[in-house]
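This report refers to the structure that appears directly beneath it.
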Amino acid sequence: MTIHSSDDDHVLVFSKRHDLPDGQSDIVISVINLDPHGTRETMVHLDMPALGMEWHDSFVAHDEITGEDWSWTAHNYVRLDPGYEPAHVITVRRTR
């Protein structure tokens, strides 16, 4: 498990990586708004080597809650509204 950073102390970012026997990895990234009353907009900063990637890599971030996909890199904008979307639970899909 790896703790990543955000520009807002009310947004928690962490990931869990499980390496598979075939050399692939299952990676889940959670981004959580800790403020139950306020919408938070911030940048999150991922430790790409901890995710098994190079700093310049990109990937498809699939939100398991909403079904949306985004192209993510090491630095990403998020908006978390506690009344609508208080968290992202993201599975990583490599784009190589």
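Every chain in the structure tokens has a letter given in the order shown (A, B, ...), and although residue numbers restart at 1 in each chain, ligands are simply numbered from 1 in the order shown.
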
Please provide as a VMD selection string all residues within 9 Å of A:Ala74, with the sequence filter that same-chain residues fewer than 4 positions apart are discarded (counting only C-alpha atoms).
chain A and resid 44 to 48 55 to 58

Near A:His10, within 7 Å and counting only C-alpha atoms, which residues show up once chain neighbours fewer than 6 positions away are dropped, as a list in words?
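Here the qualifying residues turn out to be Asn33, Leu34 and Asp35 of chain A.
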
Exercise: stretch 16-30 of chain A partners within 8 Å, only C-alpha atoms, chain neighbours under 5 positions left out, as JSON, numbers by chain
{"A": [1, 2, 51, 87, 88, 89, 90, 91, 92]}

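Of the residues under consideration (A:Ser6, A:Phe59, A:Glu54, A:Arg93), A:Phe59 shows the shortest atom-to-atom contact distance to A:Ser71 when counting only C-alpha atoms.
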
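One distance worth recording is that between atom CA of A:Thr42 and atom CA of A:Leu80, which is 8.8 Å.
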
Record the distance separating atom CA of A:His37 and atom CA of A:Asp81, expressed in Å with one decimal.
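A separation of 8.4 Å between them.
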